[in-house]
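Asker: What follows is work_6.cif; its format and atoms are mmCIF, C-alpha atoms (C1' of nucleotides).
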data_final
loop_
_atom_site.label_atom_id
_atom_site.label_comp_id
_atom_site.auth_asym_id
_atom_site.auth_seq_id
_atom_site.Cartn_x
_atom_site.Cartn_y
_atom_site.Cartn_z
CA MET B 294 0.00 0.00 0.00
CA LYS B 295 2.92 2.35 0.71
CA GLU B 296 4.00 4.57 -2.15
CA SER B 297 7.23 3.78 -3.88
CA ALA B 298 10.21 5.69 -2.55
CA VAL B 299 11.47 5.93 -6.11
CA LYS B 300 8.29 7.56 -7.33
CA ASP B 301 8.50 10.11 -4.54
CA ARG B 302 12.12 10.82 -5.31
CA ILE B 303 11.30 11.43 -8.96
CA LEU B 304 8.50 13.87 -8.19
CA ASN B 305 10.45 15.64 -5.48
CA THR B 306 13.42 16.19 -7.76
CA ALA B 307 11.31 17.22 -10.72
CA SER B 308 9.32 19.63 -8.57
CA ARG B 309 12.42 21.28 -7.23
CA LEU B 310 13.94 21.66 -10.68
CA PHE B 311 10.73 22.82 -12.34
CA TYR B 312 10.33 25.53 -9.76
CA ASP B 313 13.95 26.55 -9.32
CA GLN B 314 15.09 26.48 -12.95
CA GLY B 315 11.93 26.30 -14.98
CA TYR B 316 10.05 23.50 -16.69
CA HIS B 317 11.47 23.75 -20.19
CA VAL B 318 15.11 24.08 -19.20
CA THR B 319 14.82 20.99 -17.01
CA GLY B 320 15.63 17.89 -19.01
CA ILE B 321 14.64 14.32 -18.26
CA ASN B 322 18.31 13.43 -17.96
CA GLN B 323 18.86 15.95 -15.22
CA ILE B 324 15.89 14.62 -13.26
CA ILE B 325 17.21 11.08 -13.63
CA ASP B 326 20.69 12.08 -12.53
CA GLU B 327 19.65 14.15 -9.53
CA ALA B 328 16.94 11.79 -8.36
CA ASP B 329 19.46 8.98 -8.81
CA ILE B 330 16.99 6.62 -10.38
CA ALA B 331 16.86 4.61 -13.57
CA ARG B 332 15.50 6.02 -16.79
CA ALA B 333 12.92 3.25 -17.09
CA SER B 334 11.72 3.89 -13.54
CA LEU B 335 10.80 7.44 -14.45
CA TYR B 336 8.87 6.42 -17.53
CA ASN B 337 7.24 3.59 -15.57
CA HIS B 338 5.76 6.04 -13.05
CA TYR B 339 5.29 9.01 -15.38
CA PRO B 340 4.74 8.07 -19.02
CA SER B 341 5.68 11.54 -20.27
CA LYS B 342 7.22 14.79 -19.13
CA THR B 343 3.75 16.33 -19.25
CA ASP B 344 2.45 13.75 -16.78
CA LEU B 345 5.28 14.74 -14.49
CA LEU B 346 4.34 18.40 -14.84
CA LEU B 347 0.70 17.75 -14.01
CA ALA B 348 1.67 15.62 -11.02
CA TYR B 349 3.92 18.45 -9.88
CA LEU B 350 1.09 20.96 -10.13
CA ASP B 351 -1.40 18.70 -8.38
CA ARG B 352 0.86 17.81 -5.51
CA THR B 353 2.08 21.38 -5.10
CA ASN B 354 -1.50 22.58 -4.94
CA GLU B 355 -2.49 20.02 -2.33
CA ALA B 356 0.58 20.60 -0.17
CA TRP B 357 0.18 24.36 -0.50
CA PHE B 358 -3.32 24.43 0.97
CA ARG B 359 -2.52 21.77 3.55
CA ASP B 360 0.46 23.81 4.77
CA LEU B 361 -1.54 27.01 4.72
CA GLU B 362 -4.39 25.56 6.73
CA ARG B 363 -1.94 24.24 9.29
CA TYR B 364 -0.35 27.66 9.45
CA LEU B 365 -3.66 29.41 10.00
CA HIS B 366 -5.25 26.86 12.32
CA PRO B 367 -3.77 28.00 15.65
CA LEU B 368 -4.74 31.62 15.03
CA PRO B 369 -7.86 32.67 16.96
CA THR B 370 -9.43 35.32 14.71
CA ALA B 371 -10.21 35.68 11.04
CA ARG B 372 -8.44 39.03 11.07
CA GLU B 373 -5.23 37.42 12.24
CA LYS B 374 -5.63 34.69 9.68
CA LEU B 375 -5.98 37.24 6.91
CA LEU B 376 -2.74 38.90 7.93
CA ALA B 377 -1.10 35.51 8.30
CA LEU B 378 -1.77 34.86 4.63
CA PHE B 379 0.89 37.46 3.98
CA ASP B 380 3.26 35.99 6.55
CA PHE B 381 2.80 32.53 5.11
CA ARG B 382 3.61 33.53 1.59
CA ILE B 383 6.37 35.96 2.51
CA HIS B 384 8.04 33.27 4.56
CA ARG B 385 7.84 30.75 1.77
CA GLN B 386 9.15 33.23 -0.75
CA ARG B 387 12.07 34.12 1.47
CA SER B 388 13.04 30.50 1.95
CA SER B 389 12.73 29.62 -1.72
CA GLY B 390 14.80 32.48 -3.11
CA TYR B 391 11.88 34.63 -4.23
CA ARG B 392 10.96 32.66 -7.29
CA GLY B 393 7.33 33.71 -7.13
CA CYS B 394 4.08 31.79 -7.24
CA HIS B 395 4.46 28.26 -8.62
CA PHE B 396 1.33 28.63 -10.69
CA SER B 397 2.14 32.03 -12.04
CA LYS B 398 5.54 30.70 -13.03
CA ILE B 399 4.23 27.77 -15.01
CA THR B 400 1.64 30.00 -16.66
CA ALA B 401 4.47 32.15 -17.96
CA GLU B 402 6.15 29.10 -19.45
CA THR B 403 3.22 27.32 -21.06
CA SER B 404 1.04 29.17 -23.49
CA ASP B 405 -1.59 26.74 -24.68
CA ASP B 406 -1.84 23.71 -22.43
CA GLU B 407 -5.44 23.47 -21.26
CA GLN B 408 -4.66 21.00 -18.50
CA VAL B 409 -2.10 23.35 -16.99
CA PHE B 410 -4.39 26.34 -17.40
CA GLN B 411 -7.24 24.57 -15.62
CA ARG B 412 -5.04 23.68 -12.65
CA VAL B 413 -3.67 27.20 -12.31
CA LYS B 414 -7.15 28.65 -12.40
CA ALA B 415 -8.45 26.16 -9.85
CA HIS B 416 -5.59 26.95 -7.48
CA LYS B 417 -6.18 30.68 -7.59
CA GLU B 418 -9.94 30.27 -7.36
CA ARG B 419 -9.58 28.22 -4.22
CA PHE B 420 -7.24 30.76 -2.67
CA ARG B 421 -9.59 33.57 -3.57
CA ALA B 422 -12.50 31.71 -2.02
CA LEU B 423 -10.50 31.18 1.17
CA ILE B 424 -9.89 34.91 1.41
CA CYS B 425 -13.56 35.67 0.79
CA GLN B 426 -14.58 33.34 3.59
CA LEU B 427 -12.09 34.86 6.02
CA VAL B 428 -13.28 38.36 5.18
CA LYS B 429 -16.84 37.30 5.77
CA ASP B 430 -15.87 35.84 9.16
CA ALA B 431 -13.71 38.77 10.17
CA TRP B 432 -14.87 41.76 12.00
CA HIS B 433 -13.64 44.74 10.01
CA ARG B 434 -14.17 48.46 9.70
CA HIS B 435 -16.48 48.23 6.70
CA VAL B 436 -14.69 51.03 4.94
CA LEU B 437 -15.03 48.54 2.08
CA ASP B 438 -17.73 45.96 1.54
CA ASP B 439 -16.76 42.31 2.00
CA ASP B 440 -16.32 41.52 -1.66
CA THR B 441 -14.25 44.58 -2.43
CA LEU B 442 -12.10 44.04 0.62
CA ALA B 443 -11.46 40.43 -0.31
CA THR B 444 -10.50 41.42 -3.85
CA THR B 445 -8.23 44.16 -2.53
CA ILE B 446 -6.44 41.75 -0.23
CA PHE B 447 -6.10 39.18 -2.97
CA LEU B 448 -4.72 41.67 -5.47
CA LEU B 449 -2.33 43.30 -3.04
CA LEU B 450 -0.97 39.93 -2.03
CA GLU B 451 -0.61 38.60 -5.54
CA GLY B 452 0.95 41.86 -6.66
CA GLY B 453 3.39 41.78 -3.77
CA ILE B 454 4.47 38.23 -4.54
CA ALA B 455 4.77 38.94 -8.27
CA LEU B 456 6.96 41.96 -7.62
CA GLY B 457 8.94 40.01 -5.07
CA ALA B 458 9.88 37.56 -7.82
CA MET B 459 11.13 40.43 -9.97
CA TYR B 460 13.02 42.19 -7.18
CA ARG B 461 14.08 39.07 -5.32
CA ASN B 462 12.87 40.54 -2.05
CA SER B 463 9.71 40.90 -0.02
CA GLN B 464 9.50 44.66 0.35
CA ASP B 465 6.32 44.99 -1.68
CA ALA B 466 4.64 42.06 0.01
CA ASP B 467 5.61 43.61 3.35
CA ARG B 468 4.07 46.88 2.22
CA ALA B 469 0.97 45.05 1.10
CA ARG B 470 0.64 43.48 4.52
CA LYS B 471 0.83 46.87 6.23
CA ILE B 472 -1.75 48.34 3.89
CA VAL B 473 -4.14 45.49 4.63
CA GLU B 474 -3.48 45.83 8.34
CA ASN B 475 -4.78 49.38 8.18
CA LEU B 476 -7.71 48.30 6.08
CA LEU B 477 -9.02 45.69 8.49
CA MET K 27 22.18 55.69 -41.19
CA LYS K 28 18.84 53.90 -41.49
CA GLU K 29 18.49 50.67 -39.61
CA SER K 30 18.50 47.47 -41.56
CA ALA K 31 15.07 46.14 -42.44
CA VAL K 32 16.44 42.66 -41.85
CA LYS K 33 17.59 43.50 -38.35
CA ASP K 34 14.16 44.91 -37.56
CA ARG K 35 12.45 41.86 -38.94
CA ILE K 36 14.60 39.60 -36.78
CA LEU K 37 13.87 41.51 -33.59
CA ASN K 38 10.19 41.88 -34.37
CA THR K 39 9.78 38.18 -34.98
CA ALA K 40 11.87 37.17 -31.98
CA SER K 41 9.95 39.56 -29.75
CA ARG K 42 6.62 38.22 -30.85
CA LEU K 43 7.70 34.62 -30.33
CA PHE K 44 9.44 35.25 -27.01
CA TYR K 45 6.32 36.88 -25.64
CA ASP K 46 3.70 34.63 -27.20
CA GLN K 47 5.36 31.25 -26.76
CA GLY K 48 8.18 31.85 -24.30
CA TYR K 49 11.90 32.36 -24.65
CA HIS K 50 13.14 28.82 -24.17
CA VAL K 51 10.63 27.13 -26.42
CA THR K 52 11.46 29.52 -29.23
CA GLY K 53 14.31 28.16 -31.30
CA ILE K 54 16.67 30.05 -33.56
CA ASN K 55 15.35 28.06 -36.50
CA GLN K 56 11.81 29.22 -35.91
CA ILE K 57 12.91 32.84 -35.76
CA ILE K 58 14.82 32.41 -39.01
CA ASP K 59 11.88 30.75 -40.72
CA GLU K 60 9.24 33.21 -39.58
CA ALA K 61 11.36 36.31 -40.08
CA ASP K 62 12.29 34.90 -43.48
CA ILE K 63 15.94 35.80 -43.20
CA ALA K 64 19.20 33.92 -43.52
CA ARG K 65 20.80 32.20 -40.61
CA ALA K 66 24.01 34.20 -40.98
CA SER K 67 22.06 37.45 -40.98
CA LEU K 68 20.70 36.69 -37.57
CA TYR K 69 24.11 35.88 -36.15
CA ASN K 70 25.54 38.93 -37.86
CA HIS K 71 23.16 41.27 -36.04
CA TYR K 72 22.82 39.28 -32.83
CA PRO K 73 25.86 37.15 -31.97
CA SER K 74 23.88 34.94 -29.61
CA LYS K 75 20.35 34.14 -28.52
CA THR K 76 21.06 35.99 -25.28
CA ASP K 77 21.89 39.17 -27.22
CA LEU K 78 18.55 38.82 -28.94
CA LEU K 79 16.82 38.44 -25.60
CA LEU K 80 18.47 41.54 -24.17
CA ALA K 81 17.62 43.54 -27.30
CA TYR K 82 14.04 42.35 -26.94
CA LEU K 83 13.88 43.51 -23.35
CA ASP K 84 15.49 46.86 -24.09
CA ARG K 85 13.28 47.68 -27.03
CA THR K 86 10.15 46.48 -25.27
CA ASN K 87 10.96 48.68 -22.31
CA GLU K 88 11.53 51.75 -24.47
CA ALA K 89 8.44 51.22 -26.58
CA TRP K 90 6.38 50.50 -23.49
CA PHE K 91 7.10 53.84 -21.83
CA ARG K 92 6.91 55.74 -25.09
CA ASP K 93 3.46 54.28 -25.78
CA LEU K 94 2.34 54.89 -22.23
CA GLU K 95 3.43 58.52 -22.25
CA ARG K 96 1.62 59.07 -25.52
CA TYR K 97 -1.46 57.47 -24.02
CA LEU K 98 -1.34 59.66 -20.93
CA HIS K 99 -0.32 62.91 -22.60
CA PRO K 100 -3.74 64.16 -23.75
CA LEU K 101 -5.29 63.63 -20.32
CA PRO K 102 -5.64 66.83 -18.33
CA THR K 103 -5.30 65.69 -14.71
CA ALA K 104 -2.98 63.43 -12.78
CA ARG K 105 -6.01 61.63 -11.40
CA GLU K 106 -7.18 60.72 -14.88
CA LYS K 107 -3.68 59.65 -15.80
CA LEU K 108 -3.53 57.34 -12.82
CA LEU K 109 -6.73 55.65 -13.87
CA ALA K 110 -5.52 55.54 -17.45
CA LEU K 111 -2.60 53.41 -16.31
CA PHE K 112 -5.16 50.68 -15.80
CA ASP K 113 -6.85 51.33 -19.13
CA PHE K 114 -3.53 51.27 -20.92
CA ARG K 115 -2.45 47.96 -19.50
CA ILE K 116 -5.87 46.34 -19.67
CA HIS K 117 -6.15 47.30 -23.31
CA ARG K 118 -2.74 45.89 -24.12
CA GLN K 119 -3.48 42.69 -22.26
CA ARG K 120 -6.74 42.24 -24.08
CA SER K 121 -5.13 42.69 -27.47
CA SER K 122 -2.24 40.37 -26.72
CA GLY K 123 -4.25 37.45 -25.43
CA TYR K 124 -3.60 38.08 -21.73
CA ARG K 125 -0.07 36.83 -21.62
CA GLY K 126 0.86 39.11 -18.74
CA CYS K 127 3.70 41.52 -18.17
CA HIS K 128 6.65 40.97 -20.52
CA PHE K 129 9.11 41.42 -17.69
CA SER K 130 7.32 39.22 -15.24
CA LYS K 131 7.17 36.55 -17.92
CA ILE K 132 10.87 36.53 -18.62
CA THR K 133 11.62 36.56 -14.91
CA ALA K 134 9.67 33.34 -14.58
CA GLU K 135 11.75 31.77 -17.35
CA THR K 136 15.24 32.84 -16.37
CA SER K 137 16.53 32.08 -12.91
CA ASP K 138 20.06 33.39 -12.73
CA ASP K 139 20.79 35.85 -15.54
CA GLU K 140 21.95 39.06 -13.94
CA GLN K 141 21.55 41.09 -17.13
CA VAL K 142 17.91 40.08 -17.44
CA PHE K 143 17.28 40.67 -13.75
CA GLN K 144 18.73 44.16 -13.93
CA ARG K 145 16.50 45.11 -16.86
CA VAL K 146 13.36 43.76 -15.23
CA LYS K 147 14.11 45.67 -12.06
CA ALA K 148 14.83 48.88 -13.94
CA HIS K 149 11.56 48.60 -15.85
CA LYS K 150 9.47 48.16 -12.72
CA GLU K 151 11.36 50.85 -10.86
CA ARG K 152 10.66 53.33 -13.61
CA PHE K 153 7.00 52.44 -13.64
CA ARG K 154 6.79 52.73 -9.89
CA ALA K 155 8.47 56.15 -10.04
CA LEU K 156 5.98 57.29 -12.65
CA ILE K 157 3.10 56.34 -10.38
CA CYS K 158 4.71 58.10 -7.42
CA GLN K 159 5.04 61.29 -9.45
CA LEU K 160 1.43 61.14 -10.63
CA VAL K 161 0.19 60.60 -7.07
CA LYS K 162 2.22 63.55 -5.92
CA ASP K 163 0.69 65.69 -8.67
CA ALA K 164 -2.84 64.44 -8.16
CA TRP K 165 -5.34 65.92 -5.87
CA HIS K 166 -6.66 63.07 -3.78
CA ARG K 167 -8.65 62.46 -0.64
CA HIS K 168 -5.62 61.80 1.58
CA VAL K 169 -7.23 58.77 3.10
CA LEU K 170 -3.74 57.39 2.43
CA ASP K 171 -0.47 59.28 2.34
CA ASP K 172 1.19 59.73 -1.04
CA ASP K 173 3.67 56.92 -0.70
CA THR K 174 1.16 54.39 0.55
CA LEU K 175 -1.33 55.35 -2.13
CA ALA K 176 1.28 54.97 -4.85
CA THR K 177 2.29 51.56 -3.54
CA THR K 178 -1.33 50.49 -3.32
CA ILE K 179 -1.99 51.50 -6.90
CA PHE K 180 1.17 49.78 -8.09
CA LEU K 181 0.38 46.55 -6.26
CA LEU K 182 -3.26 46.45 -7.30
CA LEU K 183 -2.31 46.99 -10.91
CA GLU K 184 0.50 44.44 -10.94
CA GLY K 185 -1.70 41.98 -9.11
CA GLY K 186 -4.52 42.49 -11.58
CA ILE K 187 -2.26 41.94 -14.57
CA ALA K 188 -0.63 38.88 -13.00
CA LEU K 189 -4.02 37.32 -12.31
CA GLY K 190 -5.21 38.28 -15.76
CA ALA K 191 -2.42 36.15 -17.21
CA MET K 192 -3.58 33.19 -15.15
CA TYR K 193 -7.29 33.65 -15.89
CA ARG K 194 -6.87 34.95 -19.41
CA ASN K 195 -9.19 37.83 -18.70
CA SER K 196 -9.16 41.31 -17.22
CA GLN K 197 -11.72 40.96 -14.47
CA ASP K 198 -9.24 41.47 -11.67
CA ALA K 199 -7.55 44.41 -13.37
CA ASP K 200 -10.99 45.91 -13.90
CA ARG K 201 -11.74 45.43 -10.22
CA ALA K 202 -8.41 46.99 -9.35
CA ARG K 203 -9.28 50.04 -11.41
CA LYS K 204 -12.59 50.49 -9.62
CA ILE K 205 -10.94 50.15 -6.23
CA VAL K 206 -8.40 52.81 -7.13
CA GLU K 207 -11.15 55.04 -8.49
CA ASN K 208 -12.74 55.05 -5.05
CA LEU K 209 -9.41 55.64 -3.41
CA LEU K 210 -8.56 58.78 -5.34
"C1'" DA N 219 13.29 -21.94 -2.84
"C1'" DA N 220 10.41 -20.19 -6.60
"C1'" DT N 221 8.02 -16.39 -8.39
"C1'" DC N 222 7.03 -11.96 -9.92
"C1'" DA N 223 6.98 -7.11 -9.70
"C1'" DA N 224 10.06 -3.21 -9.43
"C1'" DA N 225 14.39 -1.18 -10.17
"C1'" DT N 226 18.69 -1.13 -12.48
"C1'" DA N 227 22.20 0.19 -16.45
"C1'" DG N 228 22.73 1.84 -20.64
"C1'" DA N 229 22.39 1.52 -25.71
"C1'" DC N 230 19.57 3.57 -29.16
"C1'" DT N 231 16.16 6.54 -32.10
"C1'" DG N 232 14.90 10.62 -34.71
"C1'" DG N 233 14.85 15.18 -34.01
"C1'" DT N 234 16.13 19.81 -32.42
"C1'" DC N 235 19.23 22.86 -30.12
"C1'" DG N 236 22.60 27.05 -30.48
"C1'" DG N 237 26.22 28.18 -33.19
"C1'" DT N 238 29.97 28.00 -37.09
"C1'" DC N 239 31.42 27.97 -41.69
"C1'" DT N 240 31.84 28.28 -46.82
"C1'" DA N 241 30.49 30.11 -50.84
"C1'" DT N 242 27.50 32.89 -53.72
"C1'" DA N 243 24.53 36.77 -54.61
"C1'" DT N 244 22.72 41.30 -53.93
"C1'" DT N 245 22.93 45.96 -52.59
"C1'" DT N 246 25.18 50.20 -51.12
"C1'" DT N 247 28.68 53.36 -51.44
"C1'" DA N 248 32.77 55.51 -53.30
"C1'" DT Q 88 32.06 50.87 -62.46
"C1'" DA Q 89 34.77 48.94 -58.86
"C1'" DA Q 90 34.96 47.93 -54.08
"C1'" DA Q 91 32.92 46.94 -49.80
"C1'" DA Q 92 29.33 45.76 -46.96
"C1'" DT Q 93 25.22 43.04 -46.36
"C1'" DA Q 94 22.29 39.24 -47.35
"C1'" DT Q 95 21.54 34.71 -49.17
"C1'" DA Q 96 21.38 29.25 -49.01
"C1'" DG Q 97 22.55 25.48 -46.76
"C1'" DA Q 98 25.94 22.05 -45.05
"C1'" DC Q 99 27.83 21.01 -40.79
"C1'" DC Q 100 29.14 20.61 -35.58
"C1'" DG Q 101 28.71 18.47 -30.91
"C1'" DA Q 102 25.33 18.41 -27.54
"C1'" DC Q 103 21.11 17.52 -25.81
"C1'" DC Q 104 16.08 16.51 -26.24
"C1'" DA Q 105 11.94 13.17 -25.05
"C1'" DG Q 106 11.08 8.72 -25.40
"C1'" DT Q 107 11.88 3.35 -26.43
"C1'" DC Q 108 13.98 -0.94 -25.74
"C1'" DT Q 109 16.76 -4.96 -24.08
"C1'" DA Q 110 18.69 -7.32 -20.62
"C1'" DT Q 111 19.95 -7.92 -15.89
"C1'" DT Q 112 19.47 -7.48 -10.92
"C1'" DT Q 113 17.15 -6.72 -6.72
"C1'" DG Q 114 13.70 -7.63 -3.17
"C1'" DA Q 115 9.46 -8.86 -1.38
"C1'" DT Q 116 5.60 -12.46 -1.45
"C1'" DT Q 117 4.24 -17.06 -1.70
#
Show this structure as structure tokens.

Answerer:
Amino acid sequence: MKESAVKDRILNTASRLFYDQGYHVTGINQIIDEADIARASLYNHYPSKTDLLLAYLDRTNEAWFRDLERYLHPLPTAREKLLALFDFRIHRQRSSGYRGCHFSKITAETSDDEQVFQRVKAHKERFRALICQLVKDAWHRHVLDDDTLATTIFLLLEGGIALGAMYRNSQDADRARKIVENLL
Amino acid sequence: MKESAVKDRILNTASRLFYDQGYHVTGINQIIDEADIARASLYNHYPSKTDLLLAYLDRTNEAWFRDLERYLHPLPTAREKLLALFDFRIHRQRSSGYRGCHFSKITAETSDDEQVFQRVKAHKERFRALICQLVKDAWHRHVLDDDTLATTIFLLLEGGIALGAMYRNSQDADRARKIVENLL
DNA sequence: AATCAAATAGACTGGTCGGTCTATATTTTA
DNA sequence: TAAAATATAGACCGACCAGTCTATTTGATT
């Protein structure tokens, strides 16, 4: 019943390389070398490079929300959780060298793949919905209505992360957090 | 003194392909074929693919600000110009199939190139400075101080464009514009 | 101890990559 | 009109690409 250690090693290595270097510049040979597995093992578990990409996106998405929910869980109020969204992403950006959002990155690399597009959209939709729910649950100053506030938070956060990838720092995401703090 | 038509054709074709498909998936052969020029002509004008990339970034940056300034020029007030920043970018996104910011895109594709990084940073810095100047010139409700307002506008706009690339629409950039409208 | 699935090494395919080179033709300039 | 610069076609290079295949070895289950 336990998953193959080899399969995990393949996906872990591929995920790291796809995110750190980019999907197209990462060759099958490099994955095989760095995962230290046999060529046939890779093609046994993932019939094509595209399958590997989709598995990377799916697992990243699942782990992303699982980690986020664990990060938010101990916090008592929706307001704190909303601000922690910024902390969560800023922390992850810092510790991954400011390479930006996984899903934004792959979008920039793939122009026409519908399966990729659908996954990216689903990821962002789910994150947006999470923000909307938190805003609804949060007490806030109603200078903005719930929907507008949620959109503002979402856009400020995504903008901050996107700029962080271009500047290789978190100054804009930090600014975004402060702006939201004053908005809540 | 006039620039070679061939050189222009090369850069035009490369630029289109780099933006539409991505840098790494665009091969020299495709550029040669679609620009309908000889292989040696390309390497005569651009000694390497990297030179072509840097020329693409430089020319895109120059044309971008030139177009923007022309777009803003007829508008009478700084407030209108600030809102027109959204119109300008939304319009360009719509007519280019929502592929996102050129500079964000190339950042996602290149992980370690210092020359690319420097150009991306310079482009965003200049745009940020332009917004700061417009905010300073604009009459506004001072619900936020100048610097915070400028950052908010910048982040909302960049966030809206980034999400537009992932959704292939302008709904978030449109929302961002409305939010800023109520902020000014 | 026999079996069978999973993993291994590595040769091999057809194709593309970025880049070089030779040789000829066209255009610009002097 | 001669010389010089620019453009052309296309062969060629070593390297790498994604993916296939054969043959052998390992390790768990029966």

Asker: Taking all atoms of region 192-204 of chain K that appear in the file, build a box with edges along x, y and z, extend it by 8 Å on every side, and state its centre and edge lengths in Å to one decimal, as JSON.

Answerer:
{"center_x": -8.1, "center_y": 41.8, "center_z": -14.4, "size_x": 25.0, "size_y": 33.3, "size_z": 26.1}

Asker: For the atom pair C1' of DT240 (chain N) and C1' of DA98 (chain Q), what is the interatomic distance in Å to one decimal place?

Answerer: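 Taking C1' of DT240 (chain N) and C1' of DA98 (chain Q), their separation equals 8.8 Å.
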
Asker: Evaluate the PyMOL selection byres ((chain B) within 6 of (chain K)) against this structure - the residues, as number ranges by chain, please.

Answerer: B: 314-315, 398, 401-402, 404, 448-449, 451-452

Asker: Written as JSON, numbers by chain, what is the full residue list that the PyMOL selection byres ((chain Q and resi 96) around 12) yields on the file shown?

Answerer: {"K": [63, 64, 65, 66, 67], "N": [240, 241, 242, 243], "Q": [94, 95, 97, 98]}

Asker: Restricting the output to C-alpha atoms (C1' of nucleotides), write the selected residues as a short mmCIF file (atom, residue, chain, number, x, y, z; two decimals), keeping the file's coordinate frame.

Answerer:
data_model
loop_
_atom_site.label_atom_id
_atom_site.label_comp_id
_atom_site.auth_asym_id
_atom_site.auth_seq_id
_atom_site.Cartn_x
_atom_site.Cartn_y
_atom_site.Cartn_z
CA ILE K 63 15.94 35.80 -43.20
CA ALA K 64 19.20 33.92 -43.52
CA ARG K 65 20.80 32.20 -40.61
CA ALA K 66 24.01 34.20 -40.98
CA SER K 67 22.06 37.45 -40.98
"C1'" DT N 240 31.84 28.28 -46.82
"C1'" DA N 241 30.49 30.11 -50.84
"C1'" DT N 242 27.50 32.89 -53.72
"C1'" DA N 243 24.53 36.77 -54.61
"C1'" DA Q 94 22.29 39.24 -47.35
"C1'" DT Q 95 21.54 34.71 -49.17
"C1'" DG Q 97 22.55 25.48 -46.76
"C1'" DA Q 98 25.94 22.05 -45.05
#

Asker: Running the PyMOL selection byres ((chain Q and resi 115) around 9) on this model by hand, what would come out? Give it as a list in words.

Answerer: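 What the PyMOL selection byres ((chain Q and resi 115) around 9) grabs from the file is DA223 of chain N; DG114 and DT116 of chain Q.
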
Asker: I want to know what sits within 12 Å of DC100 (chain Q), based on all atoms listed in the file, with residues of the same chain fewer than 6 positions away left out; could you give that as a compact mmCIF listing (two decimals) with C-alpha atoms (C1' of nucleotides), in the coordinates of the input?

Answerer:
# COMPACT_ATOMS: atom_id res chain seq x y z
C1' DC N 235 19.23 22.86 -30.12
C1' DG N 236 22.60 27.05 -30.48
C1' DG N 237 26.22 28.18 -33.19
C1' DT N 238 29.97 28.00 -37.09
C1' DC N 239 31.42 27.97 -41.69

Asker: When you get a sec, could you note down which chain K residues fall within 10 Å of chain N, using all atoms listed in the file, as a list in words?

Answerer: Gly53, Ile54, Asn55, Ala66, Tyr69, Pro73, Ser74 and Lys75 of chain K

Asker: Could you work out how far CA of Ile303 (chain B) lies from CA of Glu362 (chain B), giving the answer in Å with one decimal?

Answerer: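 Rounded to one decimal, the two atoms are 26.3 Å apart.
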
Asker: Could you build a table of the residues in chain Q lying no more than 10 Å from chain B, giving for each the nearest pair of atoms and their separation in Å rounded to one decimal place, using all atoms listed in the file, ordered by chain and ascending residue number, as CSV?

Answerer:
residue,atom,partner,partner_atom,distance
Q:DC103,C1',B:Gly320,CA,8.7
Q:DC104,C1',B:Gly320,CA,7.4
Q:DA105,C1',B:Ile321,CA,7.4
Q:DG106,C1',B:Ser341,CA,8.0
Q:DT107,C1',B:Ala333,CA,9.4
Q:DC108,C1',B:Ala333,CA,9.7

Asker: Suppose you want the space between CA of Phe114 (chain K) and CA of Leu101 (chain K); what is it in Å?

Answerer: 12.5 Å

Asker: Between B:Ser308, B:Ala431, B:Gln386, B:Asp467, which has the minimum distance to Leu350 (chain B) (counting all atoms listed in the file)?

Answerer: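 Smallest distance to Leu350 (chain B) is found for B:Ser308.
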
Asker: Identify, on the basis of all atoms listed in the file, every residue whose closest approach to Ala40 (chain K) does not exceed 8 Å; exclude the query and any residue fewer than 3 positions from it along the same chain; express the result as a PyMOL selection string.

Answerer: chain K and resi 36-37+43-44+57+78+82

Asker: Of the candidates B:Tyr364, B:Ala328, B:Leu427, B:Asn462, which one gets nearest to Gly390 (chain B) if we count only C-alpha atoms?

Answerer: B:Asn462
